[in-house]
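Participant: Got a file for you: start35.cif, mmCIF, C-alpha atoms.
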```cif
data_start
#
loop_
_atom_site.label_atom_id
_atom_site.label_comp_id
_atom_site.auth_asym_id
_atom_site.auth_seq_id
_atom_site.Cartn_x
_atom_site.Cartn_y
_atom_site.Cartn_z
CA MET A 1 8.87 9.83 16.34
CA ASN A 2 10.02 6.70 18.07
CA ALA A 3 7.02 4.50 18.94
CA GLN A 4 8.39 3.58 22.36
CA PHE A 5 8.71 7.26 23.32
CA LYS A 6 5.10 7.91 22.50
CA LYS A 7 3.61 4.91 24.24
CA GLY A 8 5.40 5.86 27.41
CA VAL A 9 3.98 9.37 27.51
CA LEU A 10 0.55 8.59 26.10
CA GLU A 11 -0.83 7.80 29.54
CA MET A 12 0.40 11.13 30.86
CA CYS A 13 -1.06 13.03 27.89
CA VAL A 14 -4.45 11.37 28.34
CA LEU A 15 -4.52 12.17 32.05
CA VAL A 16 -3.50 15.80 31.43
CA LEU A 17 -6.22 16.26 28.77
CA LEU A 18 -8.84 14.70 31.04
CA GLY A 19 -7.67 17.00 33.83
CA GLU A 20 -8.67 19.99 31.66
CA ARG A 21 -12.17 18.67 31.00
CA ASP A 22 -14.08 15.46 30.40
CA ARG A 23 -13.62 14.09 26.92
CA TYR A 24 -14.92 11.17 24.86
CA GLY A 25 -12.61 8.62 23.27
CA TYR A 26 -12.60 9.92 19.73
CA GLU A 27 -12.03 13.45 20.96
CA LEU A 28 -8.99 12.31 22.95
CA VAL A 29 -7.57 10.60 19.88
CA GLN A 30 -8.09 13.75 17.82
CA ASP A 31 -6.67 16.13 20.42
CA ILE A 32 -3.51 14.07 20.76
CA SER A 33 -3.00 13.31 17.08
CA HIS A 34 -3.18 17.03 16.29
CA ARG A 35 0.06 17.37 18.20
CA PHE A 36 1.86 14.16 17.39
CA GLU A 37 1.03 11.04 15.44
CA ILE A 38 -0.30 8.16 17.50
CA SER A 39 -1.79 4.80 16.77
CA GLU A 40 -5.47 5.46 17.42
CA GLY A 41 -6.00 1.89 18.50
CA SER A 42 -3.74 2.26 21.51
CA ILE A 43 -5.99 4.78 23.26
CA TYR A 44 -8.90 2.48 24.07
CA PRO A 45 -6.97 -0.33 25.81
CA LEU A 46 -5.18 2.42 27.75
CA LEU A 47 -8.46 4.05 28.80
CA ARG A 48 -9.79 0.71 29.94
CA ARG A 49 -6.71 0.07 32.05
CA LEU A 50 -6.92 3.56 33.57
CA ARG A 51 -10.53 2.83 34.47
CA ASP A 52 -9.62 -0.55 35.99
CA GLU A 53 -6.96 1.22 38.05
CA GLY A 54 -9.45 3.84 39.21
CA SER A 55 -7.73 6.80 37.52
CA VAL A 56 -10.75 7.63 35.36
CA VAL A 57 -14.48 6.99 35.44
CA THR A 58 -16.91 6.90 32.51
CA TYR A 59 -20.44 8.08 31.89
CA LEU A 60 -22.73 8.17 28.89
CA GLN A 61 -24.10 11.45 27.61
CA GLU A 62 -26.50 12.11 24.78
CA SER A 63 -25.16 14.25 21.97
CA ALA A 64 -26.98 16.53 19.58
CA GLU A 65 -25.51 14.88 16.49
CA GLY A 66 -26.19 11.25 17.19
CA PRO A 67 -25.95 8.39 19.65
CA ALA A 68 -24.81 8.77 23.27
CA ARG A 69 -21.09 9.27 23.78
CA LYS A 70 -18.97 7.64 26.42
CA TYR A 71 -17.19 10.37 28.36
CA TYR A 72 -14.10 9.86 30.46
CA SER A 73 -13.52 11.87 33.61
CA LEU A 74 -10.42 12.15 35.78
CA THR A 75 -10.76 10.95 39.39
CA GLU A 76 -8.93 12.30 42.41
CA LYS A 77 -6.62 9.28 42.25
CA GLY A 78 -6.05 9.93 38.55
CA GLY A 79 -5.06 13.49 39.40
CA ILE A 80 -2.36 12.22 41.76
CA VAL A 81 -1.08 9.77 39.14
CA ARG A 82 -1.02 12.60 36.58
CA ASP A 83 0.93 14.93 38.88
CA ASP A 84 3.50 12.20 39.54
CA LEU A 85 3.89 11.42 35.84
CA VAL A 86 4.17 15.10 34.87
CA ALA A 87 6.80 15.75 37.55
CA GLU A 88 8.77 12.69 36.44
CA TRP A 89 8.47 13.74 32.82
CA GLN A 90 9.64 17.30 33.44
CA GLU A 91 12.64 16.16 35.40
CA PHE A 92 13.53 13.68 32.67
CA ALA A 93 12.92 16.12 29.81
CA ALA A 94 15.02 18.82 31.51
CA ALA A 95 17.90 16.38 32.01
CA VAL A 96 17.76 15.15 28.41
CA ASN A 97 17.49 18.71 27.04
CA GLY A 98 20.48 19.74 29.11
CA LEU A 99 22.45 16.85 27.73
CA VAL A 100 21.44 17.54 24.15
CA LYS A 101 22.45 21.20 24.48
CA GLY A 102 25.79 20.13 25.84
CA GLU A 103 25.23 21.85 29.16
CA LYS A 104 27.83 21.09 31.76
CA HIS A 105 26.22 20.45 35.07
CA ALA A 106 26.78 18.56 38.28
CA GLU A 107 30.39 18.04 37.28
CA GLY A 108 33.30 18.69 39.60
CA MET B 1 -11.13 -3.32 5.95
CA GLN B 2 -14.73 -2.21 6.47
CA LYS B 3 -16.37 -1.45 9.81
CA ASP B 4 -18.45 -4.64 9.98
CA GLU B 5 -15.52 -6.88 9.20
CA TYR B 6 -13.37 -5.04 11.72
CA LEU B 7 -15.93 -5.36 14.50
CA SER B 8 -16.60 -9.02 13.80
CA LEU B 9 -12.87 -9.84 13.92
CA LEU B 10 -12.64 -7.95 17.18
CA ARG B 11 -15.67 -9.79 18.57
CA GLN B 12 -14.08 -13.08 17.56
CA ALA B 13 -10.87 -12.20 19.43
CA LEU B 14 -12.87 -11.23 22.54
CA ARG B 15 -14.99 -14.40 22.66
CA ASN B 16 -13.38 -15.69 25.90
CA LEU B 17 -14.38 -12.59 27.84
CA PRO B 18 -17.58 -12.17 29.89
CA ASP B 19 -20.46 -10.83 27.79
CA ASN B 20 -20.63 -7.45 29.49
CA GLU B 21 -16.95 -6.76 28.76
CA GLN B 22 -17.35 -7.80 25.13
CA VAL B 23 -20.32 -5.46 24.72
CA GLU B 24 -18.48 -2.57 26.37
CA ILE B 25 -15.34 -2.91 24.28
CA LEU B 26 -17.21 -3.38 21.02
CA ALA B 27 -19.39 -0.34 21.78
CA GLU B 28 -16.24 1.72 22.21
CA TYR B 29 -14.94 0.81 18.76
CA GLU B 30 -18.34 1.16 17.16
CA GLU B 31 -18.55 4.68 18.59
CA HIS B 32 -15.09 5.41 17.21
CA PHE B 33 -16.23 4.32 13.73
CA MET B 34 -19.40 6.44 13.97
CA MET B 35 -17.40 9.50 14.96
CA GLY B 36 -14.89 8.89 12.22
CA ILE B 37 -17.63 8.52 9.61
CA ALA B 38 -19.26 11.74 10.86
CA ASP B 39 -15.79 13.26 10.40
CA LYS B 40 -15.98 12.34 6.68
CA ARG B 41 -13.38 9.61 6.94
CA THR B 42 -13.75 6.32 5.09
CA GLU B 43 -14.30 3.10 7.04
CA ALA B 44 -11.08 1.67 5.64
CA ASP B 45 -9.11 4.70 6.82
CA ILE B 46 -10.56 4.48 10.33
CA ALA B 47 -9.88 0.74 10.48
CA SER B 48 -6.25 1.12 9.44
CA GLY B 49 -5.82 3.91 11.99
CA LEU B 50 -7.03 1.62 14.76
CA GLY B 51 -4.72 -1.25 13.90
CA ASP B 52 -5.19 -5.00 13.65
CA PRO B 53 -8.42 -6.00 15.47
CA ARG B 54 -7.08 -9.47 16.25
CA SER B 55 -4.06 -8.20 18.16
CA ILE B 56 -6.12 -5.49 19.89
CA GLY B 57 -8.62 -8.16 20.93
CA ARG B 58 -5.89 -10.47 22.20
CA GLU B 59 -4.48 -7.66 24.34
CA TYR B 60 -7.90 -6.96 25.90
CA ALA B 61 -8.41 -10.68 26.50
CA ALA B 62 -5.06 -11.13 28.22
CA VAL B 63 -5.52 -8.07 30.46
CA SER B 64 -9.04 -9.09 31.41
CA LEU B 65 -8.16 -12.73 32.18
CA VAL B 66 -5.23 -11.62 34.35
CA ASN B 67 -7.59 -9.29 36.23
CA HIS B 68 -10.06 -12.12 36.74
CA ALA B 69 -7.36 -14.49 37.92
CA GLU B 70 -6.33 -11.89 40.46
CA LYS B 71 -9.83 -11.18 41.72
CA SER B 72 -10.92 -14.81 42.06
CA PRO B 73 -7.83 -17.02 42.37
CA SER B 74 -8.10 -20.47 40.81
CA ALA B 75 -5.79 -22.80 38.93
CA ARG B 76 -8.12 -22.67 35.95
CA GLY B 77 -8.29 -18.89 35.97
CA LEU B 78 -4.52 -18.56 36.12
CA SER B 79 -4.03 -21.12 33.33
CA ARG B 80 -6.41 -19.17 31.13
CA ALA B 81 -4.56 -15.94 31.90
CA VAL B 82 -1.24 -17.63 31.09
CA LEU B 83 -2.54 -19.04 27.81
CA ALA B 84 -4.00 -15.67 26.79
CA THR B 85 -0.67 -13.98 27.54
CA VAL B 86 1.21 -16.63 25.58
CA GLY B 87 -1.14 -15.81 22.69
CA LEU B 88 0.33 -12.29 22.53
CA GLY B 89 3.63 -13.46 21.13
CA LEU B 90 5.52 -16.61 20.28
CA PHE B 91 8.38 -15.53 22.52
CA ASN B 92 6.08 -15.90 25.51
CA LEU B 93 6.06 -19.65 24.99
CA LEU B 94 9.61 -19.50 26.26
CA VAL B 95 9.38 -16.87 28.98
CA VAL B 96 5.85 -17.46 30.25
CA PHE B 97 4.51 -20.88 29.39
CA ILE B 98 7.53 -23.09 30.13
CA PRO B 99 8.39 -21.42 33.48
CA PHE B 100 4.71 -21.65 34.46
CA VAL B 101 4.57 -25.38 33.70
CA ILE B 102 7.84 -26.09 35.53
CA LEU B 103 6.70 -24.10 38.57
CA PHE B 104 3.35 -25.86 38.53
CA PHE B 105 4.93 -29.32 38.49
CA LEU B 106 7.41 -28.43 41.22
CA LEU B 107 4.62 -27.25 43.50
CA VAL B 108 2.56 -30.37 42.75
CA LEU B 109 5.62 -32.55 43.33
CA ILE B 110 6.23 -31.04 46.79
CA LEU B 111 2.55 -31.57 47.58
CA VAL B 112 2.68 -35.23 46.51
CA ILE B 113 5.86 -35.91 48.49
CA GLY B 114 4.42 -34.19 51.56
CA PHE B 115 1.20 -36.16 51.26
CA SER B 116 3.11 -39.45 50.86
CA LEU B 117 5.09 -38.70 54.03
CA VAL B 118 1.90 -37.89 55.91
CA CYS B 119 0.44 -41.25 54.82
CA ALA B 120 3.62 -43.28 55.34
CA GLY B 121 4.03 -42.17 58.98
CA PRO B 122 0.96 -43.94 60.43
CA PHE B 123 1.71 -47.12 58.45
CA LEU B 124 5.24 -47.34 59.77
CA ALA B 125 4.25 -46.41 63.33
CA GLY B 126 1.25 -48.75 63.28
CA TYR B 127 3.40 -51.61 62.05
CA ALA B 128 5.89 -51.00 64.86
CA VAL B 129 3.09 -50.81 67.42
CA LEU B 130 1.81 -54.21 66.27
CA ILE B 131 5.23 -55.69 66.84
CA LEU B 132 5.63 -53.92 70.20
CA THR B 133 2.32 -55.25 71.49
CA GLY B 134 3.19 -58.71 70.25
CA ILE B 135 0.20 -58.93 67.93
CA MET B 136 2.60 -59.56 65.08
CA ALA B 137 5.83 -61.42 65.40
CA MET B 138 8.05 -59.97 62.74
CA GLN B 139 11.62 -58.86 62.49
CA LEU B 140 12.27 -55.16 62.12
CA ASP B 141 15.72 -53.78 61.34
CA ALA B 142 15.24 -50.86 63.71
CA PRO B 143 14.09 -50.90 67.30
CA PRO B 144 10.25 -50.82 67.27
CA LEU B 145 9.89 -47.88 69.67
CA ALA B 146 12.28 -45.78 67.58
CA THR B 147 10.25 -46.71 64.52
CA VAL B 148 7.07 -45.37 66.14
CA PHE B 149 8.75 -42.05 66.75
CA PHE B 150 10.20 -42.08 63.27
CA GLY B 151 6.70 -42.61 61.88
CA ILE B 152 5.37 -39.64 63.88
CA GLY B 153 8.31 -37.60 62.63
CA LEU B 154 7.54 -38.54 59.01
CA THR B 155 3.93 -37.45 59.31
CA SER B 156 4.89 -34.17 60.96
CA SER B 157 7.46 -33.34 58.32
CA GLY B 158 4.93 -34.26 55.63
CA LEU B 159 2.44 -31.85 57.16
CA LEU B 160 5.10 -29.17 57.38
CA MET B 161 5.98 -29.71 53.72
CA MET B 162 2.36 -29.38 52.69
CA ALA B 163 1.99 -26.21 54.74
CA ILE B 164 5.12 -24.73 53.17
CA ASP B 165 3.88 -25.77 49.74
CA TYR B 166 0.57 -24.01 50.36
CA TRP B 167 2.42 -20.87 51.38
CA LEU B 168 4.76 -21.13 48.36
CA THR B 169 1.83 -21.62 46.02
CA ARG B 170 0.17 -18.45 47.28
CA ILE B 171 3.36 -16.46 46.80
CA CYS B 172 3.95 -17.93 43.33
CA TYR B 173 0.37 -17.13 42.36
CA ARG B 174 0.69 -13.48 43.27
CA GLN B 175 4.09 -13.17 41.62
CA MET B 176 2.81 -14.87 38.47
CA ILE B 177 -0.02 -12.31 38.22
CA ARG B 178 2.47 -9.47 38.61
CA TYR B 179 4.76 -11.03 36.05
CA LEU B 180 1.94 -11.51 33.52
CA ARG B 181 0.90 -7.89 33.95
CA TRP B 182 4.44 -6.67 33.41
CA ASN B 183 4.87 -9.02 30.46
CA ILE B 184 1.72 -7.65 28.78
CA ALA B 185 2.94 -4.10 29.38
CA VAL B 186 6.29 -4.88 27.74
CA ILE B 187 4.79 -6.76 24.80
CA THR B 188 2.29 -4.03 24.03
CA GLY B 189 5.09 -1.49 24.25
CA ARG B 190 3.95 0.39 27.33
CA GLU B 191 7.12 -0.51 29.18
CA THR B 192 10.60 -1.35 28.06
CA LEU B 193 12.96 -3.95 29.43
#
```
Give the structure from the file, written as structure tokens.
Facilitator:
Amino acid sequence: MNAQFKKGVLEMCVLVLLGERDRYGYELVQDISHRFEISEGSIYPLLRRLRDEGSVVTYLQESAEGPARKYYSLTEKGGIVRDDLVAEWQEFAAAVNGLVKGEKHAEG
Amino acid sequence: MQKDEYLSLLRQALRNLPDNEQVEILAEYEEHFMMGIADKRTEADIASGLGDPRSIGREYAAVSLVNHAEKSPSARGLSRAVLATVGLGLFNLLVVFIPFVILFFLLVLILVIGFSLVCAGPFLAGYAVLILTGIMAMQLDAPPLATVFFGIGLTSSGLLMMAIDYWLTRICYRQMIRYLRWNIAVITGRETL
């Protein structure tokens, strides 16, 4: 898939996944790359920016298997950002799908 | 590339950041390696999945320095942010560095001209006053009284220029921060032109 496409929606995907439940960085990478291929390295700078912007917060939690993991959690502000992005995405995706299927709409 | 080499290259690229940020970022990548290893992946595979540590580090550095320049405005802070952003791509020499330098010199030039006017006013007026009071007997091309007023006018316009320059500098500073942020987003592929 086109790299530009993915980078644009990565932020939305991360916010949606964090809206389901808190996740740690590696888990996020795994959950997204199961669906489509991403550059794993792009997640961490993104998470840091989301934290700087107040969309997510972090906390450390011990794990059974090893050292403490850094969990990311969606904030109220992050929820609003996510809803905006999802709405924008759905509108865009519907318009593009319509075009690809050759649907005639809003003409005449 | 192995984990240790990867992390040391990343640390090297982050050296201009405050210690706490370096530690935080490095911990994130170390955790990623640990998880990957627990997942039965090789260090080389994890490293190649993450991408070039130098360019990742440069991106962190640019973002962080822009944030700092925004939080505590200073000429030094902004210059560091500009240089870090230029480091992201050669093209930025053209679209970031050169405009920044030109803008900087223009603002300094206005300041210098304004300051010269402020200083020149009292000299001119004082000179005319000396002639008016007869302390000095010199020829002046213009009427002395008019020269006094002209001197006051010069100083006032100099002050006005400096005030406008201050205001312009503040606006340029804020816009430069916004521009750097947008530039980083475009270069790292988050946004398109």
Participant: For the contact check between chain B and chain A, emit one row per residue of chain B within 8 Å, containing the shortest atom pair and the distance in Å rounded to one decimal, counting only C-alpha atoms, chain then rising number order, as a Markdown table.
Facilitator:
```
| residue | atom | partner | partner_atom | distance |
| --- | --- | --- | --- | --- |
| B:Glu28 | CA | A:Tyr44 | CA | 7.6 |
| B:Glu31 | CA | A:Arg69 | CA | 7.4 |
| B:His32 | CA | A:Tyr26 | CA | 5.7 |
| B:Met35 | CA | A:Tyr26 | CA | 6.8 |
| B:Gly36 | CA | A:Tyr26 | CA | 7.9 |
| B:Gly49 | CA | A:Glu40 | CA | 5.7 |
| B:Leu50 | CA | A:Gly41 | CA | 3.9 |
| B:Gly51 | CA | A:Gly41 | CA | 5.7 |
| B:Ile56 | CA | A:Gly41 | CA | 7.5 |
| B:Glu59 | CA | A:Pro45 | CA | 7.9 |
| B:Tyr60 | CA | A:Pro45 | CA | 6.7 |
| B:Gly189 | CA | A:Gln4 | CA | 6.3 |
| B:Arg190 | CA | A:Lys7 | CA | 5.5 |
| B:Glu191 | CA | A:Gly8 | CA | 6.8 |
| B:Thr192 | CA | A:Gln4 | CA | 7.9 |
```
Participant: Just give me the gap between CA of Gly89 in chain B and CA of Ala62 in chain B in Å, one decimal is fine.
Facilitator: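 Between CA of Gly89 in chain B and CA of Ala62 in chain B the gap is 11.5 Å.
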Participant: What's the separation between CA of Pro122 in chain B and CA of Phe104 in chain B, in Å to one decimal place?
Facilitator: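 Taking CA of Pro122 in chain B and CA of Phe104 in chain B, their separation equals 28.5 Å.
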Participant: Taking (-16.1, -9.1, 25.2) in the file's coordinates, which residues come within 8 Å, counting all atoms listed in the file, written as an MDAnalysis selection string?
Facilitator: chainID B and resid 11 14:26 61
Participant: Which residues, named as in the file, does the PyMOL selection byres ((chain B and resi 97) around 12) pick out? Answer as a PyMOL selection string.
Facilitator: chain B and resi 78-96+98-104+176+179-180+183
Participant: Between CA of Gly77 in chain B and CA of Leu160 in chain B, what is the distance, to one decimal in Å?
Facilitator: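 Separation of CA of Gly77 in chain B and CA of Leu160 in chain B: 27.3 Å.
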Participant: Could you check which of B:Gly121, B:Glu30, B:Gly134, B:Val108 is closest to Leu168 in chain B, using only C-alpha atoms?
Facilitator: B:Val108
Participant: Which is closer to Gly79 in chain A than all the others in A:Arg23, A:Ser55, A:Ser63, A:Gly98, using all atoms listed in the file?
Facilitator: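 When distances to Gly79 in chain A are compared using all atoms listed in the file, the smallest one comes from A:Ser55.
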Participant: If the PyMOL selection byres ((chain A and resi 16) around 10) were run on this exact file, what residues would it hold? Put them as a list in words.
Facilitator: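 Applied to this file, the PyMOL selection byres ((chain A and resi 16) around 10) returns Leu10, Glu11, Met12, Cys13, Val14, Leu15, Leu17, Leu18, Gly19, Glu20, Arg21, Leu74, Gly78, Gly79, Arg82, Asp83, Leu85 and Val86 of chain A.
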Participant: Once the PyMOL selection byres ((chain B and resi 9) around 12) has been applied to the shown file, what residues remain in the selection, as a list of chain:residue names?
Facilitator: B:Met1, B:Gln2, B:Lys3, B:Asp4, B:Glu5, B:Tyr6, B:Leu7, B:Ser8, B:Leu10, B:Arg11, B:Gln12, B:Ala13, B:Leu14, B:Arg15, B:Leu26, B:Tyr29, B:Ala47, B:Gly51, B:Asp52, B:Pro53, B:Arg54, B:Ser55, B:Ile56, B:Gly57, B:Arg58
Participant: Applying 12 Å and all atoms listed in the file, which residues near range 161-166 of chain B remain after dropping the ones on its own chain fewer than 2 positions away? List them as a list in words.
Facilitator: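 Close residues of range 161-166 of chain B: Leu103, Phe104, Phe105, Leu106, Leu107, Val108, Leu109, Ile110, Leu111, Val112, Ile113, Gly114, Phe115, Ser116, Leu117, Val118, Leu154, Thr155, Ser156, Ser157, Gly158, Leu159, Leu168, Thr169, Arg170, Ile171, Cys172 and Tyr173 of chain B.
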Participant: Do you know which residues lie at most 8 Å from (11.8, -53.5, 70.6), with coordinates as in the file and only C-alpha atoms counted, and could you write them as a list in words?
Facilitator: Ile131, Leu132, Pro143, Pro144 and Leu145 of chain B
Participant: Hey, which of A:Tyr71, A:Asp31, A:Glu37, A:Asp22 ends up closest to Thr58 in chain A? Count only C-alpha atoms.
Facilitator: A:Tyr71
